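S.K.: Compact mmCIF, N, CA and C atoms, saved as input11.txt, coming up:
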```
# COMPACT_ATOMS: atom_id res chain seq x y z
N MET A 1 -24.75 -25.97 47.59
CA MET A 1 -25.23 -25.59 46.28
C MET A 1 -24.95 -24.12 45.99
N LEU A 2 -25.14 -23.25 46.99
CA LEU A 2 -24.90 -21.82 46.77
C LEU A 2 -23.42 -21.54 46.51
N GLU A 3 -22.54 -22.30 47.19
CA GLU A 3 -21.12 -22.08 46.94
C GLU A 3 -20.75 -22.45 45.51
N ARG A 4 -21.40 -23.48 44.97
CA ARG A 4 -21.11 -23.92 43.60
C ARG A 4 -21.57 -22.87 42.59
N ILE A 5 -22.73 -22.25 42.79
CA ILE A 5 -23.20 -21.19 41.89
C ILE A 5 -22.28 -19.98 41.98
N GLY A 6 -21.83 -19.62 43.16
CA GLY A 6 -20.91 -18.50 43.34
C GLY A 6 -19.58 -18.75 42.65
N ALA A 7 -19.10 -19.98 42.72
CA ALA A 7 -17.83 -20.32 42.08
C ALA A 7 -17.96 -20.24 40.56
N ARG A 8 -19.09 -20.65 40.03
CA ARG A 8 -19.32 -20.55 38.58
C ARG A 8 -19.32 -19.10 38.12
N ARG A 9 -19.99 -18.24 38.88
CA ARG A 9 -20.04 -16.82 38.52
C ARG A 9 -18.64 -16.21 38.52
N VAL A 10 -17.87 -16.55 39.54
CA VAL A 10 -16.51 -16.02 39.61
C VAL A 10 -15.69 -16.53 38.42
N LEU A 11 -15.84 -17.79 38.08
CA LEU A 11 -15.11 -18.36 36.95
C LEU A 11 -15.53 -17.71 35.63
N ILE A 12 -16.84 -17.51 35.45
CA ILE A 12 -17.33 -16.85 34.23
C ILE A 12 -16.83 -15.41 34.15
N LEU A 13 -16.90 -14.69 35.25
CA LEU A 13 -16.41 -13.30 35.26
C LEU A 13 -14.90 -13.24 34.99
N ALA A 14 -14.16 -14.18 35.54
CA ALA A 14 -12.71 -14.21 35.30
C ALA A 14 -12.41 -14.51 33.83
N ALA A 15 -13.17 -15.44 33.24
CA ALA A 15 -12.98 -15.76 31.82
C ALA A 15 -13.33 -14.56 30.94
N LEU A 16 -14.41 -13.87 31.24
CA LEU A 16 -14.79 -12.68 30.46
C LEU A 16 -13.75 -11.58 30.61
N ALA A 17 -13.26 -11.36 31.82
CA ALA A 17 -12.25 -10.33 32.04
C ALA A 17 -10.97 -10.67 31.27
N THR A 18 -10.59 -11.94 31.27
CA THR A 18 -9.40 -12.36 30.52
C THR A 18 -9.59 -12.14 29.03
N ALA A 19 -10.78 -12.47 28.53
CA ALA A 19 -11.06 -12.27 27.10
C ALA A 19 -11.00 -10.79 26.73
N VAL A 20 -11.53 -9.93 27.57
CA VAL A 20 -11.50 -8.49 27.31
C VAL A 20 -10.07 -7.98 27.32
N ILE A 21 -9.27 -8.41 28.27
CA ILE A 21 -7.87 -7.97 28.35
C ILE A 21 -7.08 -8.45 27.13
N VAL A 22 -7.25 -9.71 26.75
CA VAL A 22 -6.55 -10.25 25.57
C VAL A 22 -7.00 -9.51 24.31
N GLY A 23 -8.30 -9.24 24.17
CA GLY A 23 -8.81 -8.50 23.01
C GLY A 23 -8.27 -7.09 22.94
N ALA A 24 -8.24 -6.40 24.06
CA ALA A 24 -7.72 -5.03 24.08
C ALA A 24 -6.24 -5.01 23.75
N PHE A 25 -5.49 -5.97 24.28
CA PHE A 25 -4.06 -6.07 23.99
C PHE A 25 -3.83 -6.32 22.50
N ALA A 26 -4.61 -7.21 21.91
CA ALA A 26 -4.47 -7.52 20.48
C ALA A 26 -4.78 -6.31 19.62
N VAL A 27 -5.85 -5.60 19.95
CA VAL A 27 -6.23 -4.43 19.15
C VAL A 27 -5.17 -3.35 19.22
N THR A 28 -4.64 -3.07 20.40
CA THR A 28 -3.64 -2.00 20.51
C THR A 28 -2.34 -2.37 19.82
N ASN A 29 -1.95 -3.64 19.86
CA ASN A 29 -0.69 -4.03 19.21
C ASN A 29 -0.84 -4.20 17.71
N LEU A 30 -1.99 -4.61 17.23
CA LEU A 30 -2.18 -4.80 15.79
C LEU A 30 -2.51 -3.50 15.07
N ALA A 31 -2.95 -2.49 15.80
CA ALA A 31 -3.32 -1.23 15.16
C ALA A 31 -2.12 -0.59 14.46
N SER A 32 -0.93 -0.73 15.03
CA SER A 32 0.24 -0.10 14.42
C SER A 32 0.71 -0.84 13.17
N SER A 33 0.32 -2.09 13.00
CA SER A 33 0.79 -2.84 11.85
C SER A 33 -0.24 -2.94 10.73
N THR A 34 -1.37 -2.28 10.85
CA THR A 34 -2.33 -2.28 9.76
C THR A 34 -1.79 -1.43 8.62
N VAL A 35 -2.14 -1.79 7.42
CA VAL A 35 -1.59 -1.13 6.25
C VAL A 35 -2.64 -0.17 5.68
N TYR A 36 -2.33 1.10 5.77
CA TYR A 36 -3.17 2.13 5.20
C TYR A 36 -2.33 2.94 4.21
N TYR A 37 -3.01 3.67 3.36
CA TYR A 37 -2.28 4.59 2.50
C TYR A 37 -3.08 5.87 2.39
N LEU A 38 -2.37 6.93 2.06
CA LEU A 38 -2.98 8.24 1.88
C LEU A 38 -3.14 8.51 0.40
N THR A 39 -4.17 9.23 0.05
CA THR A 39 -4.28 9.72 -1.31
C THR A 39 -3.36 10.93 -1.45
N PRO A 40 -2.99 11.33 -2.66
CA PRO A 40 -2.16 12.52 -2.81
C PRO A 40 -2.78 13.76 -2.16
N SER A 41 -4.10 13.92 -2.24
CA SER A 41 -4.74 15.07 -1.61
C SER A 41 -4.58 15.04 -0.09
N GLU A 42 -4.76 13.86 0.51
CA GLU A 42 -4.59 13.73 1.96
C GLU A 42 -3.15 13.99 2.38
N ALA A 43 -2.20 13.51 1.59
CA ALA A 43 -0.79 13.73 1.91
C ALA A 43 -0.44 15.21 1.86
N MET A 44 -0.94 15.92 0.87
CA MET A 44 -0.67 17.36 0.78
C MET A 44 -1.35 18.12 1.92
N ALA A 45 -2.57 17.71 2.28
CA ALA A 45 -3.28 18.38 3.38
C ALA A 45 -2.59 18.16 4.72
N ARG A 46 -2.00 16.98 4.91
CA ARG A 46 -1.32 16.67 6.17
C ARG A 46 0.09 17.25 6.23
N LYS A 47 0.61 17.70 5.10
CA LYS A 47 1.95 18.26 5.02
C LYS A 47 2.97 17.31 5.67
N ILE A 48 3.10 16.14 5.08
CA ILE A 48 4.00 15.11 5.57
C ILE A 48 5.43 15.65 5.56
N PRO A 49 6.15 15.54 6.67
CA PRO A 49 7.52 16.07 6.69
C PRO A 49 8.47 15.28 5.80
N THR A 50 9.51 15.94 5.34
CA THR A 50 10.53 15.31 4.51
C THR A 50 11.20 14.18 5.29
N GLY A 51 11.34 13.04 4.65
CA GLY A 51 12.02 11.91 5.28
C GLY A 51 11.13 10.96 6.04
N GLU A 52 9.87 11.29 6.27
CA GLU A 52 8.96 10.39 6.99
C GLU A 52 8.39 9.37 6.01
N THR A 53 8.49 8.10 6.35
CA THR A 53 7.99 7.04 5.48
C THR A 53 6.47 7.02 5.49
N VAL A 54 5.91 6.96 4.28
CA VAL A 54 4.45 6.99 4.13
C VAL A 54 4.08 6.18 2.89
N ARG A 55 2.83 5.77 2.84
CA ARG A 55 2.31 5.09 1.65
C ARG A 55 1.30 5.99 0.96
N LEU A 56 1.43 6.09 -0.36
CA LEU A 56 0.49 6.85 -1.19
C LEU A 56 -0.23 5.89 -2.11
N GLY A 57 -1.50 6.13 -2.31
CA GLY A 57 -2.27 5.31 -3.23
C GLY A 57 -3.03 6.18 -4.21
N GLY A 58 -3.11 5.74 -5.43
CA GLY A 58 -3.84 6.49 -6.45
C GLY A 58 -3.70 5.80 -7.79
N LEU A 59 -3.96 6.56 -8.84
CA LEU A 59 -3.84 6.05 -10.21
C LEU A 59 -2.57 6.57 -10.85
N VAL A 60 -1.94 5.74 -11.67
CA VAL A 60 -0.78 6.17 -12.45
C VAL A 60 -1.31 7.01 -13.60
N LYS A 61 -0.89 8.26 -13.65
CA LYS A 61 -1.38 9.19 -14.66
C LYS A 61 -0.96 8.73 -16.05
N ILE A 62 -1.90 8.80 -16.98
CA ILE A 62 -1.65 8.36 -18.36
C ILE A 62 -0.60 9.28 -18.99
N GLY A 63 0.39 8.64 -19.62
CA GLY A 63 1.47 9.38 -20.28
C GLY A 63 2.63 9.73 -19.37
N SER A 64 2.62 9.27 -18.12
CA SER A 64 3.68 9.67 -17.19
C SER A 64 4.67 8.57 -16.86
N LEU A 65 4.40 7.33 -17.19
CA LEU A 65 5.25 6.21 -16.80
C LEU A 65 6.45 6.10 -17.73
N SER A 66 7.64 6.18 -17.15
CA SER A 66 8.86 6.01 -17.95
C SER A 66 9.87 5.21 -17.13
N MET A 67 10.66 4.42 -17.84
CA MET A 67 11.65 3.59 -17.20
C MET A 67 12.95 3.73 -17.97
N LYS A 68 14.06 3.89 -17.24
CA LYS A 68 15.36 4.05 -17.86
C LYS A 68 16.31 3.01 -17.25
N PRO A 69 16.77 2.04 -18.05
CA PRO A 69 17.69 1.03 -17.50
C PRO A 69 19.03 1.65 -17.15
N ILE A 70 19.54 1.26 -15.99
CA ILE A 70 20.86 1.74 -15.57
C ILE A 70 21.94 0.85 -16.18
N SER A 71 21.73 -0.44 -16.12
CA SER A 71 22.64 -1.39 -16.75
C SER A 71 21.79 -2.55 -17.28
N PHE A 72 22.42 -3.41 -18.07
CA PHE A 72 21.68 -4.48 -18.71
C PHE A 72 21.04 -5.43 -17.70
N HIS A 73 21.77 -5.82 -16.67
CA HIS A 73 21.26 -6.75 -15.68
C HIS A 73 20.91 -6.06 -14.37
N GLY A 74 21.08 -4.78 -14.27
CA GLY A 74 20.88 -4.08 -13.01
C GLY A 74 19.50 -3.50 -12.86
N PRO A 75 19.35 -2.66 -11.86
CA PRO A 75 18.05 -2.04 -11.61
C PRO A 75 17.73 -0.97 -12.63
N ASN A 76 16.49 -0.52 -12.62
CA ASN A 76 16.02 0.53 -13.52
C ASN A 76 15.65 1.76 -12.71
N ASP A 77 15.84 2.92 -13.31
CA ASP A 77 15.27 4.14 -12.75
C ASP A 77 13.88 4.26 -13.35
N PHE A 78 12.88 4.54 -12.52
CA PHE A 78 11.54 4.72 -13.05
C PHE A 78 10.94 6.00 -12.51
N GLU A 79 9.97 6.48 -13.25
CA GLU A 79 9.30 7.73 -12.90
C GLU A 79 7.87 7.66 -13.40
N PHE A 80 6.95 8.13 -12.58
CA PHE A 80 5.57 8.29 -12.99
C PHE A 80 4.88 9.27 -12.06
N VAL A 81 3.69 9.65 -12.43
CA VAL A 81 2.89 10.56 -11.61
C VAL A 81 1.73 9.77 -11.05
N ILE A 82 1.53 9.88 -9.74
CA ILE A 82 0.39 9.25 -9.09
C ILE A 82 -0.61 10.35 -8.77
N THR A 83 -1.88 10.07 -9.05
CA THR A 83 -2.90 11.10 -8.90
C THR A 83 -4.17 10.52 -8.29
N ASP A 84 -4.93 11.40 -7.67
CA ASP A 84 -6.26 11.01 -7.21
C ASP A 84 -7.33 11.81 -7.95
N GLY A 85 -6.92 12.46 -9.02
CA GLY A 85 -7.85 13.24 -9.82
C GLY A 85 -7.77 14.72 -9.55
N SER A 86 -7.26 15.10 -8.37
CA SER A 86 -7.15 16.52 -8.07
C SER A 86 -5.71 16.94 -7.77
N VAL A 87 -4.91 16.06 -7.19
CA VAL A 87 -3.52 16.38 -6.87
C VAL A 87 -2.62 15.34 -7.55
N ASP A 88 -1.56 15.82 -8.19
CA ASP A 88 -0.58 14.95 -8.84
C ASP A 88 0.73 15.00 -8.04
N ILE A 89 1.35 13.83 -7.84
CA ILE A 89 2.65 13.76 -7.17
C ILE A 89 3.59 12.96 -8.06
N ARG A 90 4.75 13.53 -8.33
CA ARG A 90 5.77 12.87 -9.15
C ARG A 90 6.50 11.84 -8.28
N VAL A 91 6.57 10.61 -8.77
CA VAL A 91 7.19 9.50 -8.04
C VAL A 91 8.46 9.10 -8.77
N LEU A 92 9.55 9.03 -8.05
CA LEU A 92 10.84 8.59 -8.59
C LEU A 92 11.29 7.36 -7.82
N GLY A 93 11.95 6.44 -8.50
CA GLY A 93 12.45 5.26 -7.80
C GLY A 93 13.47 4.52 -8.61
N ARG A 94 14.02 3.50 -7.98
CA ARG A 94 15.02 2.66 -8.62
C ARG A 94 14.74 1.22 -8.22
N GLY A 95 14.80 0.34 -9.20
CA GLY A 95 14.57 -1.07 -8.93
C GLY A 95 13.53 -1.63 -9.88
N ALA A 96 13.05 -2.79 -9.51
CA ALA A 96 12.04 -3.46 -10.33
C ALA A 96 10.66 -2.92 -10.01
N ILE A 97 9.85 -2.81 -11.03
CA ILE A 97 8.45 -2.42 -10.82
C ILE A 97 7.57 -3.62 -11.17
N PRO A 98 6.41 -3.73 -10.55
CA PRO A 98 5.55 -4.88 -10.81
C PRO A 98 5.09 -4.92 -12.26
N GLY A 99 4.90 -6.13 -12.78
CA GLY A 99 4.45 -6.30 -14.15
C GLY A 99 3.06 -5.76 -14.39
N LEU A 100 2.24 -5.67 -13.34
CA LEU A 100 0.88 -5.15 -13.50
C LEU A 100 0.81 -3.63 -13.47
N LEU A 101 1.92 -2.96 -13.16
CA LEU A 101 1.91 -1.50 -13.11
C LEU A 101 1.79 -0.95 -14.51
N ARG A 102 0.77 -0.17 -14.73
CA ARG A 102 0.56 0.43 -16.05
C ARG A 102 -0.19 1.74 -15.87
N GLU A 103 -0.16 2.54 -16.90
CA GLU A 103 -0.83 3.84 -16.87
C GLU A 103 -2.33 3.66 -16.76
N GLY A 104 -2.95 4.47 -15.93
CA GLY A 104 -4.40 4.41 -15.73
C GLY A 104 -4.82 3.39 -14.69
N ALA A 105 -3.89 2.60 -14.18
CA ALA A 105 -4.20 1.58 -13.17
C ALA A 105 -3.84 2.09 -11.78
N GLY A 106 -4.38 1.43 -10.78
CA GLY A 106 -4.09 1.81 -9.41
C GLY A 106 -2.74 1.32 -8.95
N ALA A 107 -2.14 2.08 -8.03
CA ALA A 107 -0.84 1.70 -7.46
C ALA A 107 -0.74 2.26 -6.05
N VAL A 108 0.05 1.59 -5.23
CA VAL A 108 0.40 2.07 -3.90
C VAL A 108 1.91 2.12 -3.86
N VAL A 109 2.47 3.26 -3.45
CA VAL A 109 3.91 3.42 -3.36
C VAL A 109 4.29 3.74 -1.92
N GLU A 110 5.39 3.18 -1.49
CA GLU A 110 5.90 3.45 -0.15
C GLU A 110 7.24 4.14 -0.29
N GLY A 111 7.46 5.16 0.51
CA GLY A 111 8.71 5.89 0.44
C GLY A 111 8.62 7.18 1.23
N THR A 112 9.41 8.17 0.80
CA THR A 112 9.49 9.44 1.51
C THR A 112 9.38 10.60 0.54
N PHE A 113 8.93 11.73 1.05
CA PHE A 113 8.90 12.95 0.25
C PHE A 113 10.26 13.62 0.31
N ALA A 114 10.67 14.19 -0.81
CA ALA A 114 11.89 15.00 -0.87
C ALA A 114 11.51 16.45 -0.61
N ALA A 115 12.51 17.28 -0.43
CA ALA A 115 12.27 18.69 -0.14
C ALA A 115 11.54 19.41 -1.27
N ASP A 116 11.74 18.95 -2.52
CA ASP A 116 11.10 19.61 -3.66
C ASP A 116 9.68 19.10 -3.93
N GLY A 117 9.17 18.18 -3.10
CA GLY A 117 7.80 17.70 -3.26
C GLY A 117 7.67 16.41 -4.04
N THR A 118 8.77 15.93 -4.62
CA THR A 118 8.71 14.63 -5.30
C THR A 118 8.69 13.53 -4.25
N PHE A 119 8.25 12.36 -4.66
CA PHE A 119 8.16 11.22 -3.77
C PHE A 119 9.18 10.18 -4.19
N ASN A 120 10.09 9.82 -3.31
CA ASN A 120 11.11 8.81 -3.59
C ASN A 120 10.60 7.46 -3.11
N ALA A 121 10.24 6.61 -4.06
CA ALA A 121 9.62 5.32 -3.74
C ALA A 121 10.68 4.28 -3.44
N THR A 122 10.44 3.51 -2.38
CA THR A 122 11.28 2.36 -2.07
C THR A 122 10.56 1.06 -2.43
N GLN A 123 9.23 1.13 -2.56
CA GLN A 123 8.44 -0.04 -2.92
C GLN A 123 7.24 0.41 -3.74
N VAL A 124 6.92 -0.35 -4.78
CA VAL A 124 5.76 -0.07 -5.62
C VAL A 124 4.88 -1.32 -5.64
N ILE A 125 3.61 -1.13 -5.35
CA ILE A 125 2.65 -2.23 -5.36
C ILE A 125 1.57 -1.88 -6.37
N ALA A 126 1.40 -2.72 -7.38
CA ALA A 126 0.37 -2.49 -8.39
C ALA A 126 -0.95 -3.05 -7.88
N LYS A 127 -1.99 -2.29 -8.00
CA LYS A 127 -3.32 -2.77 -7.63
C LYS A 127 -3.99 -3.29 -8.89
N HIS A 128 -4.84 -4.28 -8.73
CA HIS A 128 -5.54 -4.83 -9.88
C HIS A 128 -7.00 -5.00 -9.51
N ASP A 129 -7.84 -5.14 -10.53
CA ASP A 129 -9.25 -5.35 -10.27
C ASP A 129 -9.51 -6.82 -10.01
N GLU A 130 -10.73 -7.12 -9.61
CA GLU A 130 -11.08 -8.49 -9.24
C GLU A 130 -11.50 -9.32 -10.44
N VAL A 131 -11.61 -8.70 -11.59
CA VAL A 131 -12.08 -9.41 -12.78
C VAL A 131 -10.89 -10.05 -13.48
N TYR A 132 -10.96 -11.35 -13.70
CA TYR A 132 -9.90 -12.06 -14.41
C TYR A 132 -10.45 -12.58 -15.72
N THR A 133 -9.76 -12.28 -16.78
CA THR A 133 -10.09 -12.85 -18.08
C THR A 133 -8.82 -13.46 -18.64
N ALA A 134 -8.89 -14.71 -19.00
CA ALA A 134 -7.72 -15.40 -19.55
C ALA A 134 -7.45 -14.89 -20.96
N PRO A 135 -6.16 -14.66 -21.28
CA PRO A 135 -5.85 -14.22 -22.63
C PRO A 135 -6.08 -15.35 -23.63
N THR A 136 -6.37 -14.98 -24.85
CA THR A 136 -6.55 -15.99 -25.88
C THR A 136 -5.19 -16.61 -26.20
N ALA A 137 -5.22 -17.79 -26.73
CA ALA A 137 -3.99 -18.52 -27.02
C ALA A 137 -3.09 -17.72 -27.96
N GLY A 138 -1.85 -17.53 -27.57
CA GLY A 138 -0.88 -16.83 -28.40
C GLY A 138 -0.94 -15.31 -28.29
N ALA A 139 -1.89 -14.77 -27.56
CA ALA A 139 -2.02 -13.31 -27.44
C ALA A 139 -1.22 -12.81 -26.24
N THR A 140 -0.73 -11.60 -26.34
CA THR A 140 -0.05 -10.97 -25.22
C THR A 140 -1.09 -10.27 -24.36
N PRO A 141 -1.09 -10.51 -23.04
CA PRO A 141 -2.06 -9.84 -22.17
C PRO A 141 -1.94 -8.32 -22.29
N ALA A 142 -3.06 -7.63 -22.12
CA ALA A 142 -3.09 -6.18 -22.27
C ALA A 142 -2.21 -5.46 -21.27
N HIS A 143 -1.99 -6.04 -20.09
CA HIS A 143 -1.19 -5.36 -19.08
C HIS A 143 0.30 -5.49 -19.34
N ARG A 144 0.71 -6.30 -20.30
CA ARG A 144 2.12 -6.42 -20.65
C ARG A 144 2.41 -5.39 -21.72
N THR A 145 3.13 -4.38 -21.35
CA THR A 145 3.46 -3.31 -22.30
C THR A 145 4.96 -3.20 -22.43
N SER A 146 5.40 -2.63 -23.51
CA SER A 146 6.83 -2.39 -23.67
C SER A 146 7.11 -0.91 -23.43
N PHE A 147 8.28 -0.64 -22.99
CA PHE A 147 8.69 0.73 -22.72
C PHE A 147 9.73 1.14 -23.75
N PRO A 148 9.74 2.40 -24.11
CA PRO A 148 10.71 2.85 -25.12
C PRO A 148 12.13 2.73 -24.65
```
When written as structure tokens, how does the structure in this file appear?
M.R.:
Amino acid sequence: MLERIGARRVLILAALATAVIVGAFAVTNLASSTVYYLTPSEAMARKIPTGETVRLGGLVKIGSLSMKPISFHGPNDFEFVITDGSVDIRVLGRGAIPGLLREGAGAVVEGTFAADGTFNATQVIAKHDEVYTAPTAGATPAHRTSFP
């Protein structure tokens, strides 16, 4: 009987040790793939080096969003300012932008800083709120805007 209790303890301890090792391995490997972003203030405080890929999150400053088509079927050049209320960063990019991207709304951009302090975006992700309201029949949703 005593040998059976000892064997159970060893088995339980081995199972717990295995669970701890698997958990620690998962945490260390998944930590590098978590998605975080810096606010413009945090990015300026950290003095991100030129060419290092980073994500910035903030609001698209009102009056700053502009898009210039390069060709009829090709990509667009776009420009806007992302802000956290205290620091503004000019964002430049080429390609498609999300339909939900609009002035005054949240956005996350991924890319690199240039030597002059502008941010060259390779990806733009529009953030939206959790509130959904269906548009009335025949109406254009408020987030669909036209550009000059």
S.K.: Can you tell me, as a PyMOL selection string, what residues are no more than 7 Å from region 53-68 of chain A when counting only C-alpha atoms, ignoring any on the same chain fewer than 2 positions away?
M.R.: chain A and resi 37-40+51+70+76-84+102-112+147
S.K.: In Å to one decimal, how far is atom N of Gly6 (chain A) from atom N of Thr18 (chain A)?
M.R.: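 Computing the Euclidean distance for atom N of Thr18 (chain A) and atom N of Gly6 (chain A) yields 18.1 Å.
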S.K.: So, counting only C-alpha atoms, which residue among A:Thr50, A:Pro69, A:Ser41, A:Leu100 is closest to Asp88 (chain A)?
M.R.: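 Under the stated criterion, the closest residue is A:Ser41.
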S.K.: What does the distance between atom N of Phe119 (chain A) and CA of Leu92 (chain A) come to in Å, to one decimal place?
M.R.: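 Those two atoms sit 6.0 Å apart.
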S.K.: Which is closest to Val87 (chain A) among A:Ala7, A:Ala24, A:Glu42, A:Ala126, if we use only N, CA and C atoms?
M.R.: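 Ranking A:Ala7, A:Ala24, A:Glu42, A:Ala126 by distance to Val87 (chain A), first place goes to A:Glu42.
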S.K.: Have a look at atom C of Asn120 (chain A) and CA of Gly85 (chain A) and let me know their distance in Å, one decimal.
M.R.: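 One can read the atom C of Asn120 (chain A) to CA of Gly85 (chain A) distance as 20.5 Å.
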S.K.: DSSP on the backbone: what in region 2-140 of chain A comes out strand (DSSP E), as number ranges by chain?
M.R.: A: 54-60, 66-69, 76-83, 88-94, 106-113, 119-126
S.K.: Can you spit out the residues from that selection as a CSV table (one decimal), in the frame of the given file, using N, CA and C atoms?
M.R.:
```csv
chain,number,residue,atom,x,y,z
A,54,VAL,N,5.9,7.0,4.3
A,54,VAL,CA,4.4,7.0,4.1
A,54,VAL,C,4.1,6.2,2.9
A,55,ARG,N,2.8,5.8,2.8
A,55,ARG,CA,2.3,5.1,1.6
A,55,ARG,C,1.3,6.0,1.0
A,56,LEU,N,1.4,6.1,-0.4
A,56,LEU,CA,0.5,6.8,-1.2
A,56,LEU,C,-0.2,5.9,-2.1
A,57,GLY,N,-1.5,6.1,-2.3
A,57,GLY,CA,-2.3,5.3,-3.2
A,57,GLY,C,-3.0,6.2,-4.2
A,58,GLY,N,-3.1,5.7,-5.4
A,58,GLY,CA,-3.8,6.5,-6.4
A,58,GLY,C,-3.7,5.8,-7.8
A,59,LEU,N,-4.0,6.6,-8.8
A,59,LEU,CA,-3.8,6.0,-10.2
A,59,LEU,C,-2.6,6.6,-10.8
A,60,VAL,N,-1.9,5.7,-11.7
A,60,VAL,CA,-0.8,6.2,-12.4
A,60,VAL,C,-1.3,7.0,-13.6
A,66,SER,N,7.6,6.2,-17.2
A,66,SER,CA,8.9,6.0,-18.0
A,66,SER,C,9.9,5.2,-17.1
A,67,MET,N,10.7,4.4,-17.8
A,67,MET,CA,11.6,3.6,-17.2
A,67,MET,C,13.0,3.7,-18.0
A,68,LYS,N,14.1,3.9,-17.2
A,68,LYS,CA,15.4,4.0,-17.9
A,68,LYS,C,16.3,3.0,-17.2
A,69,PRO,N,16.8,2.0,-18.0
A,69,PRO,CA,17.7,1.0,-17.5
A,69,PRO,C,19.0,1.6,-17.2
A,76,ASN,N,16.5,-0.5,-12.6
A,76,ASN,CA,16.0,0.5,-13.5
A,76,ASN,C,15.6,1.8,-12.7
A,77,ASP,N,15.8,2.9,-13.3
A,77,ASP,CA,15.3,4.1,-12.8
A,77,ASP,C,13.9,4.3,-13.4
A,78,PHE,N,12.9,4.5,-12.5
A,78,PHE,CA,11.5,4.7,-13.0
A,78,PHE,C,10.9,6.0,-12.5
A,79,GLU,N,10.0,6.5,-13.2
A,79,GLU,CA,9.3,7.7,-12.9
A,79,GLU,C,7.9,7.7,-13.4
A,80,PHE,N,7.0,8.1,-12.6
A,80,PHE,CA,5.6,8.3,-13.0
A,80,PHE,C,4.9,9.3,-12.1
A,81,VAL,N,3.7,9.6,-12.4
A,81,VAL,CA,2.9,10.6,-11.6
A,81,VAL,C,1.7,9.8,-11.0
A,82,ILE,N,1.5,9.9,-9.7
A,82,ILE,CA,0.4,9.2,-9.1
A,82,ILE,C,-0.6,10.4,-8.8
A,83,THR,N,-1.9,10.1,-9.0
A,83,THR,CA,-2.9,11.1,-8.9
A,83,THR,C,-4.2,10.5,-8.3
A,88,ASP,N,-1.6,15.8,-8.2
A,88,ASP,CA,-0.6,15.0,-8.8
A,88,ASP,C,0.7,15.0,-8.0
A,89,ILE,N,1.4,13.8,-7.8
A,89,ILE,CA,2.6,13.8,-7.2
A,89,ILE,C,3.6,13.0,-8.1
A,90,ARG,N,4.8,13.5,-8.3
A,90,ARG,CA,5.8,12.9,-9.2
A,90,ARG,C,6.5,11.8,-8.3
A,91,VAL,N,6.6,10.6,-8.8
A,91,VAL,CA,7.2,9.5,-8.0
A,91,VAL,C,8.5,9.1,-8.8
A,92,LEU,N,9.6,9.0,-8.0
A,92,LEU,CA,10.8,8.6,-8.6
A,92,LEU,C,11.3,7.4,-7.8
A,93,GLY,N,12.0,6.4,-8.5
A,93,GLY,CA,12.4,5.3,-7.8
A,93,GLY,C,13.5,4.5,-8.6
A,94,ARG,N,14.0,3.5,-8.0
A,94,ARG,CA,15.0,2.7,-8.6
A,94,ARG,C,14.7,1.2,-8.2
A,106,GLY,N,-4.4,1.4,-10.8
A,106,GLY,CA,-4.1,1.8,-9.4
A,106,GLY,C,-2.7,1.3,-9.0
A,107,ALA,N,-2.1,2.1,-8.0
A,107,ALA,CA,-0.8,1.7,-7.5
A,107,ALA,C,-0.7,2.3,-6.0
A,108,VAL,N,0.0,1.6,-5.2
A,108,VAL,CA,0.4,2.1,-3.9
A,108,VAL,C,1.9,2.1,-3.9
A,109,VAL,N,2.5,3.3,-3.4
A,109,VAL,CA,3.9,3.4,-3.4
A,109,VAL,C,4.3,3.7,-1.9
A,110,GLU,N,5.4,3.2,-1.5
A,110,GLU,CA,5.9,3.4,-0.2
A,110,GLU,C,7.2,4.1,-0.3
A,111,GLY,N,7.5,5.2,0.5
A,111,GLY,CA,8.7,5.9,0.4
A,111,GLY,C,8.6,7.2,1.2
A,112,THR,N,9.4,8.2,0.8
A,112,THR,CA,9.5,9.4,1.5
A,112,THR,C,9.4,10.6,0.5
A,113,PHE,N,8.9,11.7,1.0
A,113,PHE,CA,8.9,13.0,0.2
A,113,PHE,C,10.3,13.6,0.3
A,119,PHE,N,8.2,12.4,-4.7
A,119,PHE,CA,8.2,11.2,-3.8
A,119,PHE,C,9.2,10.2,-4.2
A,120,ASN,N,10.1,9.8,-3.3
A,120,ASN,CA,11.1,8.8,-3.6
A,120,ASN,C,10.6,7.5,-3.1
A,121,ALA,N,10.2,6.6,-4.1
A,121,ALA,CA,9.6,5.3,-3.7
A,121,ALA,C,10.7,4.3,-3.4
A,122,THR,N,10.4,3.5,-2.4
A,122,THR,CA,11.3,2.4,-2.1
A,122,THR,C,10.6,1.1,-2.4
A,123,GLN,N,9.2,1.1,-2.6
A,123,GLN,CA,8.4,0.0,-2.9
A,123,GLN,C,7.2,0.4,-3.7
A,124,VAL,N,6.9,-0.4,-4.8
A,124,VAL,CA,5.8,-0.1,-5.6
A,124,VAL,C,4.9,-1.3,-5.6
A,125,ILE,N,3.6,-1.1,-5.4
A,125,ILE,CA,2.6,-2.2,-5.4
A,125,ILE,C,1.6,-1.9,-6.4
A,126,ALA,N,1.4,-2.7,-7.4
A,126,ALA,CA,0.4,-2.5,-8.4
A,126,ALA,C,-1.0,-3.0,-7.9
```
S.K.: Region 8-67 of chain A: which residues are alpha helix (DSSP H) by DSSP, as a PyMOL selection string?
M.R.: chain A and resi 8-31+40-46
